[in-house]
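Q: So here's work_31.txt (compact mmCIF, C-alpha atoms and all ligand atoms).
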# COMPACT_ATOMS: atom_id res chain seq x y z
CA MET A 1 0.00 0.00 0.00
CA LYS A 2 0.97 3.60 -0.51
CA ILE A 3 1.09 5.96 2.43
CA ALA A 4 1.88 9.68 2.64
CA PHE A 5 2.89 11.81 5.59
CA VAL A 6 2.04 15.47 5.06
CA GLY A 7 1.74 18.53 7.27
CA LYS A 8 3.27 21.87 8.12
CA GLY A 9 7.06 22.14 8.18
CA GLY A 10 8.30 21.27 11.67
CA SER A 11 5.15 19.37 12.63
CA GLY A 12 7.02 16.07 12.71
CA LYS A 13 6.32 14.53 9.28
CA THR A 14 9.83 13.24 8.87
CA THR A 15 10.06 12.05 12.45
CA LEU A 16 6.77 10.15 12.29
CA SER A 17 7.50 8.79 8.80
CA SER A 18 10.81 7.46 10.04
CA LEU A 19 9.27 5.91 13.15
CA PHE A 20 6.56 4.31 11.04
CA ILE A 21 9.16 2.95 8.62
CA ARG A 22 11.13 1.52 11.54
CA HIS A 23 7.97 0.00 12.93
CA LEU A 24 7.20 -1.71 9.60
CA ALA A 25 10.79 -2.91 9.24
CA ALA A 26 10.70 -4.31 12.77
CA ASN A 27 7.62 -6.28 11.65
CA GLU A 28 9.67 -7.55 8.69
CA ALA A 29 7.35 -5.95 6.15
CA PRO A 30 8.83 -4.98 2.77
CA VAL A 31 9.17 -1.18 2.74
CA ILE A 32 10.15 1.48 0.24
CA ALA A 33 10.73 4.83 1.94
CA VAL A 34 10.58 7.93 -0.25
CA ASP A 35 11.79 11.35 0.75
CA ALA A 36 9.81 13.86 -1.30
CA ASP A 37 9.95 16.72 1.18
CA ILE A 38 11.51 20.07 0.34
CA ASN A 39 13.74 19.55 3.32
CA GLN A 40 15.41 16.22 2.68
CA HIS A 41 15.81 14.78 6.16
CA LEU A 42 14.37 11.29 5.93
CA GLY A 43 17.77 9.65 5.42
CA ALA A 44 19.12 11.29 8.56
CA ALA A 45 15.99 10.32 10.50
CA LEU A 46 16.62 6.73 9.42
CA GLY A 47 20.08 6.94 10.90
CA LEU A 48 22.25 7.82 7.89
CA GLY A 49 25.27 9.97 8.58
CA GLU A 50 25.58 13.33 6.86
CA ASP A 51 27.84 11.97 4.13
CA GLU A 52 25.67 8.92 3.49
CA ALA A 53 22.55 11.07 3.29
CA ALA A 54 24.26 13.49 0.92
CA ALA A 55 25.35 10.58 -1.27
CA LEU A 56 21.78 9.33 -1.84
CA PRO A 57 20.96 9.38 -5.53
CA ALA A 58 18.43 12.01 -6.58
CA MET A 59 15.36 10.68 -8.39
CA GLY A 60 14.99 14.07 -10.07
CA ALA A 61 18.38 13.56 -11.72
CA HIS A 62 17.35 10.15 -13.08
CA LEU A 63 14.08 11.20 -14.66
CA PRO A 64 15.17 10.24 -18.21
CA LEU A 65 16.13 6.74 -17.05
CA ILE A 66 12.89 6.38 -15.09
CA LYS A 67 10.80 7.39 -18.11
CA GLU A 68 12.72 5.20 -20.53
CA TYR A 69 12.32 2.16 -18.28
CA LEU A 70 8.65 2.69 -17.46
CA ARG A 71 7.51 3.31 -20.99
CA GLY A 72 8.79 -0.13 -21.98
CA SER A 73 7.20 -1.11 -25.28
CA ASN A 74 3.99 0.84 -24.74
CA PRO A 75 3.10 1.84 -28.31
CA ARG A 76 1.21 4.92 -27.11
CA ILE A 77 4.36 6.44 -25.65
CA THR A 78 6.68 6.93 -28.56
CA SER A 79 9.58 8.50 -26.67
CA ALA A 80 10.67 9.30 -23.15
CA ASP A 81 10.66 13.00 -24.08
CA ARG A 82 6.93 12.82 -24.53
CA MET A 83 6.39 11.35 -21.12
CA ILE A 84 5.29 13.82 -18.49
CA LYS A 85 4.96 13.18 -14.78
CA THR A 86 1.31 12.19 -15.16
CA THR A 87 1.69 9.90 -18.21
CA PRO A 88 -0.22 6.79 -17.13
CA PRO A 89 0.92 3.21 -17.71
CA GLY A 90 -0.79 1.17 -20.40
CA ARG A 91 -0.28 -2.15 -22.12
CA GLY A 92 3.42 -2.56 -22.82
CA SER A 93 4.51 -0.25 -19.98
CA ARG A 94 6.82 -1.64 -17.37
CA LEU A 95 5.44 -1.76 -13.87
CA LEU A 96 7.37 -1.61 -10.63
CA ARG A 97 6.95 -3.96 -7.71
CA VAL A 98 8.02 -3.31 -4.16
CA THR A 99 10.34 -6.27 -3.67
CA GLU A 100 11.86 -6.79 -7.12
CA ASP A 101 15.16 -5.48 -8.44
CA ASN A 102 14.94 -3.22 -11.47
CA PRO A 103 16.97 -0.45 -13.14
CA VAL A 104 14.93 2.28 -11.42
CA TYR A 105 15.81 0.99 -7.97
CA ASP A 106 19.40 0.34 -9.07
CA ALA A 107 19.72 3.99 -10.04
CA CYS A 108 17.57 5.65 -7.40
CA ALA A 109 17.31 3.47 -4.29
CA ARG A 110 19.73 2.59 -1.53
CA THR A 111 19.25 -0.06 1.10
CA VAL A 112 19.27 1.14 4.68
CA LEU A 113 19.45 -1.32 7.55
CA LEU A 114 17.17 -0.52 10.47
CA ASP A 115 18.21 -2.67 13.42
CA GLY A 116 19.33 -5.19 10.80
CA GLU A 117 16.16 -5.06 8.66
CA PRO A 118 16.63 -3.79 5.11
CA VAL A 119 14.51 -0.95 3.76
CA ARG A 120 14.79 0.68 0.34
CA LEU A 121 15.23 4.43 0.53
CA MET A 122 14.63 6.76 -2.40
CA ALA A 123 14.87 10.54 -2.40
CA THR A 124 13.79 13.25 -4.84
CA GLY A 125 17.05 15.09 -4.16
CA PRO A 126 17.53 18.47 -2.56
CA PHE A 127 15.43 21.36 -3.76
CA THR A 128 17.22 24.50 -4.75
CA GLU A 129 15.87 28.04 -4.93
CA ALA A 130 15.16 27.54 -8.62
CA ASP A 131 13.14 24.39 -7.93
CA LEU A 132 10.61 26.37 -5.99
CA GLY A 133 9.53 27.96 -9.22
CA VAL A 134 7.19 25.66 -11.06
CA ALA A 135 8.86 23.42 -13.62
CA CYS A 136 11.84 21.84 -11.89
CA TYR A 137 10.07 21.34 -8.61
CA HIS A 138 7.52 19.40 -10.53
CA SER A 139 10.13 17.29 -12.22
CA LYS A 140 11.59 16.20 -8.89
CA VAL A 141 8.28 15.29 -7.34
CA GLY A 142 7.17 14.17 -10.80
CA ALA A 143 9.67 11.33 -10.65
CA VAL A 144 7.90 10.06 -7.54
CA GLU A 145 4.48 10.45 -9.11
CA LEU A 146 5.53 8.47 -12.18
CA CYS A 147 6.87 5.69 -10.00
CA LEU A 148 3.74 5.58 -7.84
CA ASN A 149 1.54 5.41 -10.94
CA HIS A 150 3.54 2.46 -12.26
CA LEU A 151 3.87 0.66 -8.95
CA VAL A 152 1.82 -2.45 -8.28
CA ASP A 153 1.90 -2.88 -4.53
CA GLY A 154 0.50 -5.79 -2.61
CA PRO A 155 -1.37 -5.83 0.69
CA ASP A 156 1.66 -6.50 2.92
CA GLU A 157 4.01 -4.15 1.11
CA TYR A 158 4.47 -0.56 2.14
CA VAL A 159 5.54 2.54 0.27
CA VAL A 160 5.92 5.44 2.68
CA VAL A 161 6.34 8.96 1.30
CA ASP A 162 7.44 11.91 3.41
CA MET A 163 6.14 14.89 1.45
CA THR A 164 5.39 18.55 1.36
CA ALA A 165 1.76 19.53 1.69
CA GLY A 166 2.07 22.16 -0.99
CA SER A 167 -0.21 23.22 -3.79
CA ASP A 168 2.13 21.38 -6.20
CA SER A 169 0.97 18.00 -5.00
CA PHE A 170 -2.61 19.12 -5.62
CA ALA A 171 -1.96 20.33 -9.17
CA SER A 172 -0.32 17.10 -10.25
CA GLY A 173 -2.60 14.58 -8.61
CA MET A 174 0.17 13.28 -6.38
CA PHE A 175 -2.08 13.70 -3.35
CA THR A 176 -4.51 11.11 -4.73
CA ARG A 177 -1.88 8.37 -5.10
CA PHE A 178 -2.11 7.07 -1.54
CA ASP A 179 -4.29 4.57 0.25
CA VAL A 180 -4.07 6.75 3.30
CA THR A 181 -2.62 10.18 3.99
CA PHE A 182 -1.44 10.90 7.50
CA LEU A 183 -1.62 14.59 8.18
CA VAL A 184 0.71 15.38 11.03
CA ALA A 185 -0.57 18.32 13.07
CA GLU A 186 0.59 19.98 16.21
CA PRO A 187 -2.28 21.17 18.37
CA THR A 188 -2.07 24.71 17.06
CA ARG A 189 -4.14 26.90 14.74
CA LYS A 190 -1.49 26.63 12.05
CA GLY A 191 -1.43 22.86 12.27
CA ILE A 192 -5.20 22.77 11.91
CA GLY A 193 -5.03 25.29 9.06
CA VAL A 194 -3.00 22.88 6.94
CA TYR A 195 -5.49 20.13 7.76
CA ARG A 196 -8.43 22.27 6.59
CA GLN A 197 -6.75 23.13 3.33
CA TYR A 198 -5.85 19.50 2.66
CA LYS A 199 -9.32 18.31 3.55
CA GLU A 200 -10.76 20.76 1.06
CA TYR A 201 -8.72 19.30 -1.82
CA ALA A 202 -9.09 15.75 -0.61
CA ARG A 203 -12.87 15.81 -0.40
CA ASP A 204 -13.63 15.62 -4.11
CA PHE A 205 -11.16 12.80 -4.72
CA GLY A 206 -12.08 10.37 -2.00
CA VAL A 207 -8.69 10.77 -0.35
CA SER A 208 -8.54 8.99 2.98
CA LEU A 209 -7.13 11.59 5.35
CA LYS A 210 -6.23 10.83 8.97
CA VAL A 211 -4.82 13.32 11.41
CA VAL A 212 -1.93 12.31 13.62
CA GLY A 213 -1.58 14.79 16.46
CA ASN A 214 2.07 15.32 17.35
CA LYS A 215 3.95 16.99 20.20
CA VAL A 216 0.80 16.70 22.25
CA GLN A 217 1.41 17.67 25.87
CA GLY A 218 -1.76 16.83 27.72
CA PRO A 219 -5.54 16.39 27.72
CA GLU A 220 -6.15 19.98 26.62
CA ASP A 221 -4.11 19.43 23.49
CA ILE A 222 -6.04 16.27 22.71
CA GLU A 223 -9.36 18.04 23.31
CA PHE A 224 -8.31 20.84 21.02
CA LEU A 225 -7.54 18.39 18.22
CA GLN A 226 -10.75 16.47 18.81
CA ASP A 227 -12.76 19.69 18.63
CA GLU A 228 -11.06 20.87 15.46
CA VAL A 229 -10.78 17.71 13.37
CA GLY A 230 -13.44 15.43 14.87
CA GLU A 231 -13.36 11.86 13.70
CA ASP A 232 -10.46 12.50 11.33
CA LEU A 233 -8.21 12.38 14.41
CA LEU A 234 -6.62 8.93 14.36
CA VAL A 235 -4.13 9.06 17.18
CA THR A 236 -1.87 11.44 19.06
CA VAL A 237 1.83 11.27 19.88
CA GLY A 238 3.53 13.06 22.71
CA HIS A 239 7.10 14.16 23.20
CA SER A 240 9.42 11.21 22.71
CA ASP A 241 12.67 10.90 24.60
CA TRP A 242 13.64 8.17 22.13
CA VAL A 243 13.32 10.69 19.28
CA ARG A 244 15.28 13.26 21.24
CA ALA A 245 18.10 10.77 21.86
CA MET A 246 18.19 10.02 18.14
CA GLU A 247 18.38 13.74 17.40
CA LYS A 248 21.41 13.86 19.65
CA GLY A 249 23.02 11.19 17.52
CA ARG A 250 22.59 8.59 20.24
CA PRO A 251 19.84 6.37 18.92
CA ALA A 252 18.60 3.54 21.08
CA ALA A 253 17.38 0.25 19.65
CA PHE A 254 13.90 0.72 18.19
CA GLU A 255 12.43 -1.79 20.59
CA LEU A 256 13.12 0.74 23.34
CA LEU A 257 10.70 3.28 21.83
CA GLU A 258 8.07 4.30 24.39
CA ALA A 259 5.18 1.81 24.56
CA THR A 260 2.51 4.44 23.91
CA ASN A 261 4.29 5.53 20.75
CA ARG A 262 4.62 1.94 19.59
CA LEU A 263 0.88 1.57 20.00
CA ALA A 264 0.35 4.76 18.02
CA LEU A 265 2.48 3.36 15.20
CA GLN A 266 0.51 0.15 15.22
CA SER A 267 -2.70 2.12 14.82
CA LEU A 268 -1.17 3.87 11.80
CA GLN A 269 -0.39 0.46 10.31
CA ASP A 270 -3.91 -0.77 11.05
CA ALA A 271 -5.40 2.32 9.39
CA ALA A 272 -3.19 1.83 6.34
CA ASP A 273 -4.05 -1.87 6.07
CA ASP A 274 -7.72 -1.03 6.35
CA SER A 275 -7.52 1.61 3.61
CA TYR A 276 -5.70 -0.75 1.27
CA ALA A 277 -8.43 -3.33 1.78
CA HIS A 278 -10.81 -0.76 0.25
CA ARG A 279 -8.60 0.19 -2.66
CA ASP A 280 -10.47 0.59 -5.91
CA TRP A 281 -7.86 -0.03 -8.63
CA GLU A 282 -10.20 1.17 -11.34
CA ARG A 283 -10.82 4.46 -9.65
CA TYR A 284 -7.09 4.71 -8.94
CA THR A 285 -6.39 4.35 -12.66
CA GLU A 286 -9.22 6.70 -13.65
CA GLN A 287 -7.85 9.39 -11.37
CA MET A 288 -4.38 9.18 -12.84
CA VAL A 289 -5.89 9.47 -16.30
CA GLY A 290 -7.99 12.43 -15.19
CA PHE A 291 -4.98 14.30 -13.86
CA HIS A 292 -2.99 13.41 -16.95
CA LEU A 293 -5.62 14.90 -19.25
CA LYS A 294 -5.74 17.99 -17.08
CA ASN A 295 -1.96 18.43 -17.12
CA ALA A 296 -1.82 17.64 -20.84
CA GLN A 297 -4.24 20.45 -21.57
CA SER A 298 -2.83 22.99 -19.22
CA TRP A 299 0.86 22.65 -20.22
CA GLY A 300 1.90 19.17 -21.40
CA ASN A 301 0.56 19.33 -24.96
CA ALA A 302 2.19 22.68 -25.50
CA LYS A 303 5.47 21.53 -24.00
CA THR A 304 5.74 18.31 -26.03
CA GLY A 305 4.00 19.49 -29.18
CA THR A 306 1.69 16.47 -29.22
CA ASP A 307 -1.73 15.54 -27.95
CA LEU A 308 -0.86 13.66 -24.79
CA ALA A 309 -4.42 12.38 -24.48
CA ASP A 310 -3.28 9.74 -27.01
CA GLN A 311 -1.13 8.20 -24.30
CA VAL A 312 -4.16 6.97 -22.41
CA ASP A 313 -4.82 3.26 -22.88
CA PRO A 314 -8.56 2.90 -22.28
CA GLY A 315 -8.28 -0.86 -21.78
CA PHE A 316 -5.72 -0.73 -18.99
CA VAL A 317 -6.27 -0.90 -15.26
CA LEU A 318 -3.35 -0.87 -12.87
CA ARG A 319 -3.87 -3.82 -10.57
CA GLU A 320 -2.03 -6.72 -8.99
CA GLU A 321 -2.89 -9.10 -11.81
CA SER A 322 -1.48 -6.71 -14.37
CA ALA A 323 1.94 -7.77 -13.12
CA ALA A 324 1.34 -11.34 -12.08
CA ASP A 325 2.10 -13.63 -14.97
CA ARG A 326 4.86 -12.18 -17.05
CA ALA A 327 8.51 -11.35 -16.99
CA PRO A 328 9.55 -8.71 -14.47
CA GLY A 329 8.74 -5.26 -15.72
CA GLU A 330 6.21 -6.13 -18.43
CA ALA A 331 2.62 -4.93 -18.24
CA ALA A 332 -0.20 -7.04 -19.63
CA GLN A 333 -0.59 -7.16 -23.40
CA GLY A 334 -4.02 -7.28 -24.99
CA ASP A 335 -6.81 -9.02 -23.18
CA ALA A 336 -4.68 -11.68 -21.61
CA PRO A 337 -6.67 -14.41 -19.89
CA VAL A 338 -7.12 -13.99 -16.17
CA SER A 339 -3.84 -14.93 -14.59
CA PRO A 340 -3.29 -17.75 -12.10
CA PRO A 341 -3.07 -16.72 -8.46
CA HIS A 342 -0.33 -14.20 -7.88
CA LEU A 343 2.79 -15.72 -6.37
CA PRO A 344 4.15 -13.29 -3.84
CA LEU A 345 7.65 -12.04 -4.59
CA ARG A 346 8.13 -11.08 -1.01
CA PRO A 347 9.41 -13.51 1.59
CA ALA A 348 6.79 -15.31 3.61
CA PRO A 349 6.05 -13.59 6.93
CA GLN A 350 8.28 -14.86 9.70
CA PRO A 351 6.78 -15.92 13.02
CA ALA A 352 7.55 -13.34 15.70
N1 LIG A 401 7.12 13.29 19.05
C1 LIG A 401 8.27 13.96 19.08
N2 LIG A 401 9.08 13.92 20.16
C2 LIG A 401 10.24 14.61 20.22
N3 LIG A 401 10.68 15.40 19.22
C3 LIG A 401 9.93 15.49 18.11
C4 LIG A 401 8.70 14.77 17.97
N4 LIG A 401 8.18 15.05 16.74
C5 LIG A 401 9.05 15.87 16.15
N5 LIG A 401 10.10 16.14 16.95
C6 LIG A 401 11.22 17.07 16.65
O1 LIG A 401 10.69 18.23 16.02
C7 LIG A 401 11.55 18.68 14.98
C8 LIG A 401 10.79 18.78 13.69
O2 LIG A 401 10.38 17.49 13.29
P1 LIG A 401 10.45 17.00 11.77
O3 LIG A 401 10.03 15.59 11.78
O4 LIG A 401 11.76 17.33 11.18
O5 LIG A 401 9.32 17.91 11.10
P2 LIG A 401 8.88 18.06 9.56
O6 LIG A 401 9.42 16.90 8.82
O7 LIG A 401 7.39 18.07 9.62
O8 LIG A 401 9.42 19.38 9.11
C9 LIG A 401 12.70 17.69 14.93
O9 LIG A 401 13.78 18.23 15.64
C10 LIG A 401 12.15 16.46 15.62
O10 LIG A 401 13.14 15.70 16.23
MG MG A 402 10.68 16.94 7.14
Give the structure from the file, written as structure tokens.

A:
Amino acid sequence: MKIAFVGKGGSGKTTLSSLFIRHLAANEAPVIAVDADINQHLGAALGLGEDEAAALPAMGAHLPLIKEYLRGSNPRITSADRMIKTTPPGRGSRLLRVTEDNPVYDACARTVLLDGEPVRLMATGPFTEADLGVACYHSKVGAVELCLNHLVDGPDEYVVVDMTAGSDSFASGMFTRFDVTFLVAEPTRKGIGVYRQYKEYARDFGVSLKVVGNKVQGPEDIEFLQDEVGEDLLVTVGHSDWVRAMEKGRPAAFELLEATNRLALQSLQDAADDSYAHRDWERYTEQMVGFHLKNAQSWGNAKTGTDLADQVDPGFVLREESAADRAPGEAAQGDAPVSPPHLPLRPAPQPA
């Protein structure tokens, strides 16, 4: 499943993403962690040293490779240059899976060990001043959007994206790519303000939005959040000494995280699992097509000099079966017969 952490800068998105990723890794779940925040701190929060974090490959810099790989032999996408961040997969496209090896992960992902458990980490790359104008910023986050739209994820596989809650993610459709979006909010008017704005965009697209209260100091903080966000409040997290120790560069083993915070992380996992169980792959595909047509009209057609609506394959639905019975990377061709039961690529769950 695909999970986003969004919220105001400083609210604790990166901290809670990293704790959630550690929690999943401790449960031996396959995880891809993606840092798509303007401030690239996820690597550090997962324990990388400054040099290691700085050496992470930037997805934004590998956009041509990503496009070339994903387009595969899709006849509707005649060249990588004509692929924009919203170009949807179709028959012939290559799809990504969480646990496989492929050229995109080779170029863009690094394995991080969390208490011995491997997690794949990908990062958009640092944003510069110039990126905060429109085009380049989009291309960095666009690399993530392309990957999400080509990623066939199973029920026990997790893709966790730490991202900026900016208007850019609304323009592109990125915000609709997740089974659940955790909005991290401090119990303040500003924190709630970001929630209201997100809710507004999310409403029309059936986005499942859950608020995670952070840096909560007592019952009054919890009451405030309950009053302001009602049933969207999933759980609250207080100050964590474990997090503070990690910030000091003295991380303790994850199993020493405070029990209340471990429970909070489990409720995030439960909420994510529950959302995935309700995923509608057809709607998921329709939405990516909808945003593609919108982006094609507003700038893509002009930029590429073609009608990008032609890239839409009306007979294609992104779903688990579309990747089940063929060589790694190939999407279904024609109306292939219904495939035999999907053999999981991930290792079988280990007993605790
Ligand atoms: N629950 C928490 N307990 C202790 N410190 C926290 C907690 N949540 C966040 N922090 C601290 O607050 C600061 C901002 O958090 P961060 O995750 O970087 O925010 P964001 O990614 O939303 O900008 C960091 O120094 C982080 O360690
Ligand atoms: Mg951050």

Q: Taking a cut-off of 9 Å and counting only C-alpha atoms and all ligand atoms, can you build a table that, for each residue of chain A near ligand LIG 401 (chain A), reports the nearest atom pair and how far apart they are in Å (one decimal), sorted by chain then residue number, as a tab-separated table?

A:
residue	atom	partner	partner_atom	distance
A:Phe5	CA	A:LIG401	O7	8.7
A:Val6	CA	A:LIG401	O7	7.5
A:Gly7	CA	A:LIG401	O7	6.1
A:Lys8	CA	A:LIG401	O7	5.8
A:Gly9	CA	A:LIG401	O8	3.7
A:Gly10	CA	A:LIG401	O8	3.4
A:Ser11	CA	A:LIG401	O7	4.0
A:Gly12	CA	A:LIG401	O3	3.2
A:Lys13	CA	A:LIG401	O7	3.7
A:Thr14	CA	A:LIG401	O6	3.7
A:Thr15	CA	A:LIG401	O3	3.6
A:Leu16	CA	A:LIG401	O3	6.4
A:Ser17	CA	A:LIG401	O3	7.8
A:Ser18	CA	A:LIG401	O3	8.4
A:Asp37	CA	A:LIG401	O6	7.7
A:Asn39	CA	A:LIG401	O8	7.2
A:Gln40	CA	A:LIG401	O6	8.6
A:His41	CA	A:LIG401	O4	6.9
A:Leu42	CA	A:LIG401	O6	8.0
A:Ala45	CA	A:LIG401	O3	8.1
A:Asp162	CA	A:LIG401	O6	7.6
A:Met163	CA	A:LIG401	O6	8.3
A:Thr164	CA	A:LIG401	O7	8.5
A:Val184	CA	A:LIG401	O7	7.3
A:Ala185	CA	A:LIG401	O7	8.7
A:Asn214	CA	A:LIG401	N1	5.7
A:Lys215	CA	A:LIG401	N1	5.0
A:Val216	CA	A:LIG401	N1	7.9
A:Val237	CA	A:LIG401	N1	5.7
A:Gly238	CA	A:LIG401	N1	5.1
A:His239	CA	A:LIG401	N2	3.6
A:Ser240	CA	A:LIG401	N2	3.7
A:Asp241	CA	A:LIG401	C2	6.2
A:Trp242	CA	A:LIG401	C2	7.5
A:Val243	CA	A:LIG401	C2	5.1
A:Arg244	CA	A:LIG401	C2	5.3
A:Ala245	CA	A:LIG401	C2	8.9
A:Met246	CA	A:LIG401	O10	7.8
A:Glu247	CA	A:LIG401	O10	5.7
A:Asn261	CA	A:LIG401	N1	8.4

Q: When distances are computed from all atoms listed in the file, which of A:Pro126, A:Pro57, A:Gly49, A:Gly142 shows the smallest separation from ligand MG 402 (chain A)?

A: A:Pro126

Q: With all atoms listed in the file as the atoms that count, which of A:Arg97, A:Lys2, A:Arg262, A:Arg76 lies nearest to Ala26 (chain A)?

A: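 Counting all atoms listed in the file, the residue closest to Ala26 (chain A) is A:Arg262.
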
Q: Excluding region 106-109 of chain A and residues on its chain fewer than 2 positions from it, collect all residues at most 9 Å away from it, counting only C-alpha atoms, and give them as a list of chain:residue names.

A: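 Near neighbours after the sequence-gap exclusion: A:Ile32, A:Leu56, A:Pro57, A:Ala58, A:Met59, A:His62, A:Leu65, A:Ile66, A:Asp101, A:Asn102, A:Pro103, A:Val104, A:Thr111, A:Arg120, A:Leu121, A:Met122, A:Ala123, A:Thr124.
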
Q: Calculated over only C-alpha atoms, which of the candidates A:Val144, A:Ala264, A:Leu293, A:Leu234 has the smallest distance to Asp310 (chain A)?

A: A:Leu293

Q: Give me, please, the distance in Å between CA of Tyr105 (chain A) and CA of Phe20 (chain A), quoted to one decimal.

A: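 One can read the CA of Tyr105 (chain A) to CA of Phe20 (chain A) distance as 21.4 Å.
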
Q: For ligand MG 402 (chain A), which of A:Asp274, A:Arg110, A:Asp35, A:Gln197 is the closest residue, counting all atoms listed in the file?

A: A:Asp35

Q: Got a minute to add N, CA, C and O atoms to region 196-212 of chain A and dump it as a PDB file, keeping the file's coordinate frame?

A:
ATOM      1  N   ARG A 196      -7.214  21.782   7.271  1.00  0.00           N
ATOM      2  CA  ARG A 196      -8.430  22.270   6.590  1.00  0.00           C
ATOM      3  C   ARG A 196      -8.214  22.396   5.095  1.00  0.00           C
ATOM      4  O   ARG A 196      -9.056  22.016   4.297  1.00  0.00           O
ATOM      5  N   GLN A 197      -7.049  22.927   4.745  1.00  0.00           N
ATOM      6  CA  GLN A 197      -6.750  23.130   3.330  1.00  0.00           C
ATOM      7  C   GLN A 197      -6.682  21.763   2.623  1.00  0.00           C
ATOM      8  O   GLN A 197      -7.240  21.572   1.552  1.00  0.00           O
ATOM      9  N   TYR A 198      -6.013  20.826   3.268  1.00  0.00           N
ATOM     10  CA  TYR A 198      -5.850  19.500   2.660  1.00  0.00           C
ATOM     11  C   TYR A 198      -7.200  18.828   2.496  1.00  0.00           C
ATOM     12  O   TYR A 198      -7.508  18.232   1.466  1.00  0.00           O
ATOM     13  N   LYS A 199      -7.987  18.934   3.536  1.00  0.00           N
ATOM     14  CA  LYS A 199      -9.320  18.310   3.550  1.00  0.00           C
ATOM     15  C   LYS A 199     -10.151  18.816   2.372  1.00  0.00           C
ATOM     16  O   LYS A 199     -10.862  18.058   1.720  1.00  0.00           O
ATOM     17  N   GLU A 200     -10.030  20.108   2.142  1.00  0.00           N
ATOM     18  CA  GLU A 200     -10.760  20.760   1.060  1.00  0.00           C
ATOM     19  C   GLU A 200     -10.435  20.103  -0.295  1.00  0.00           C
ATOM     20  O   GLU A 200     -11.319  19.737  -1.057  1.00  0.00           O
ATOM     21  N   TYR A 201      -9.139  19.936  -0.571  1.00  0.00           N
ATOM     22  CA  TYR A 201      -8.720  19.300  -1.820  1.00  0.00           C
ATOM     23  C   TYR A 201      -9.096  17.823  -1.836  1.00  0.00           C
ATOM     24  O   TYR A 201      -9.485  17.271  -2.860  1.00  0.00           O
ATOM     25  N   ALA A 202      -8.936  17.200  -0.692  1.00  0.00           N
ATOM     26  CA  ALA A 202      -9.090  15.750  -0.610  1.00  0.00           C
ATOM     27  C   ALA A 202     -10.534  15.320  -0.842  1.00  0.00           C
ATOM     28  O   ALA A 202     -10.795  14.257  -1.402  1.00  0.00           O
ATOM     29  N   ARG A 203     -11.455  16.185  -0.437  1.00  0.00           N
ATOM     30  CA  ARG A 203     -12.870  15.810  -0.400  1.00  0.00           C
ATOM     31  C   ARG A 203     -13.361  15.260  -1.734  1.00  0.00           C
ATOM     32  O   ARG A 203     -13.953  14.184  -1.799  1.00  0.00           O
ATOM     33  N   ASP A 204     -13.078  15.988  -2.803  1.00  0.00           N
ATOM     34  CA  ASP A 204     -13.630  15.620  -4.110  1.00  0.00           C
ATOM     35  C   ASP A 204     -12.975  14.372  -4.709  1.00  0.00           C
ATOM     36  O   ASP A 204     -13.437  13.873  -5.723  1.00  0.00           O
ATOM     37  N   PHE A 205     -11.901  13.908  -4.120  1.00  0.00           N
ATOM     38  CA  PHE A 205     -11.160  12.800  -4.720  1.00  0.00           C
ATOM     39  C   PHE A 205     -11.176  11.543  -3.873  1.00  0.00           C
ATOM     40  O   PHE A 205     -10.447  10.599  -4.136  1.00  0.00           O
ATOM     41  N   GLY A 206     -11.978  11.554  -2.835  1.00  0.00           N
ATOM     42  CA  GLY A 206     -12.080  10.370  -2.000  1.00  0.00           C
ATOM     43  C   GLY A 206     -10.778  10.016  -1.305  1.00  0.00           C
ATOM     44  O   GLY A 206     -10.504   8.846  -1.050  1.00  0.00           O
ATOM     45  N   VAL A 207      -9.963  11.037  -1.026  1.00  0.00           N
ATOM     46  CA  VAL A 207      -8.690  10.770  -0.350  1.00  0.00           C
ATOM     47  C   VAL A 207      -8.957  10.439   1.112  1.00  0.00           C
ATOM     48  O   VAL A 207      -9.704  11.149   1.789  1.00  0.00           O
ATOM     49  N   SER A 208      -8.380   9.358   1.575  1.00  0.00           N
ATOM     50  CA  SER A 208      -8.540   8.990   2.980  1.00  0.00           C
ATOM     51  C   SER A 208      -7.508   9.746   3.807  1.00  0.00           C
ATOM     52  O   SER A 208      -6.307   9.515   3.701  1.00  0.00           O
ATOM     53  N   LEU A 209      -8.000  10.681   4.592  1.00  0.00           N
ATOM     54  CA  LEU A 209      -7.130  11.590   5.350  1.00  0.00           C
ATOM     55  C   LEU A 209      -7.297  11.330   6.843  1.00  0.00           C
ATOM     56  O   LEU A 209      -8.410  11.364   7.350  1.00  0.00           O
ATOM     57  N   LYS A 210      -6.184  11.057   7.521  1.00  0.00           N
ATOM     58  CA  LYS A 210      -6.230  10.830   8.970  1.00  0.00           C
ATOM     59  C   LYS A 210      -5.249  11.780   9.633  1.00  0.00           C
ATOM     60  O   LYS A 210      -4.110  11.907   9.191  1.00  0.00           O
ATOM     61  N   VAL A 211      -5.700  12.393  10.706  1.00  0.00           N
ATOM     62  CA  VAL A 211      -4.820  13.320  11.410  1.00  0.00           C
ATOM     63  C   VAL A 211      -4.058  12.586  12.508  1.00  0.00           C
ATOM     64  O   VAL A 211      -4.638  11.799  13.263  1.00  0.00           O
ATOM     65  N   VAL A 212      -2.770  12.835  12.543  1.00  0.00           N
ATOM     66  CA  VAL A 212      -1.930  12.310  13.620  1.00  0.00           C
ATOM     67  C   VAL A 212      -1.460  13.520  14.417  1.00  0.00           C
ATOM     68  O   VAL A 212      -0.685  14.337  13.922  1.00  0.00           O
TER      69      VAL A 212
END
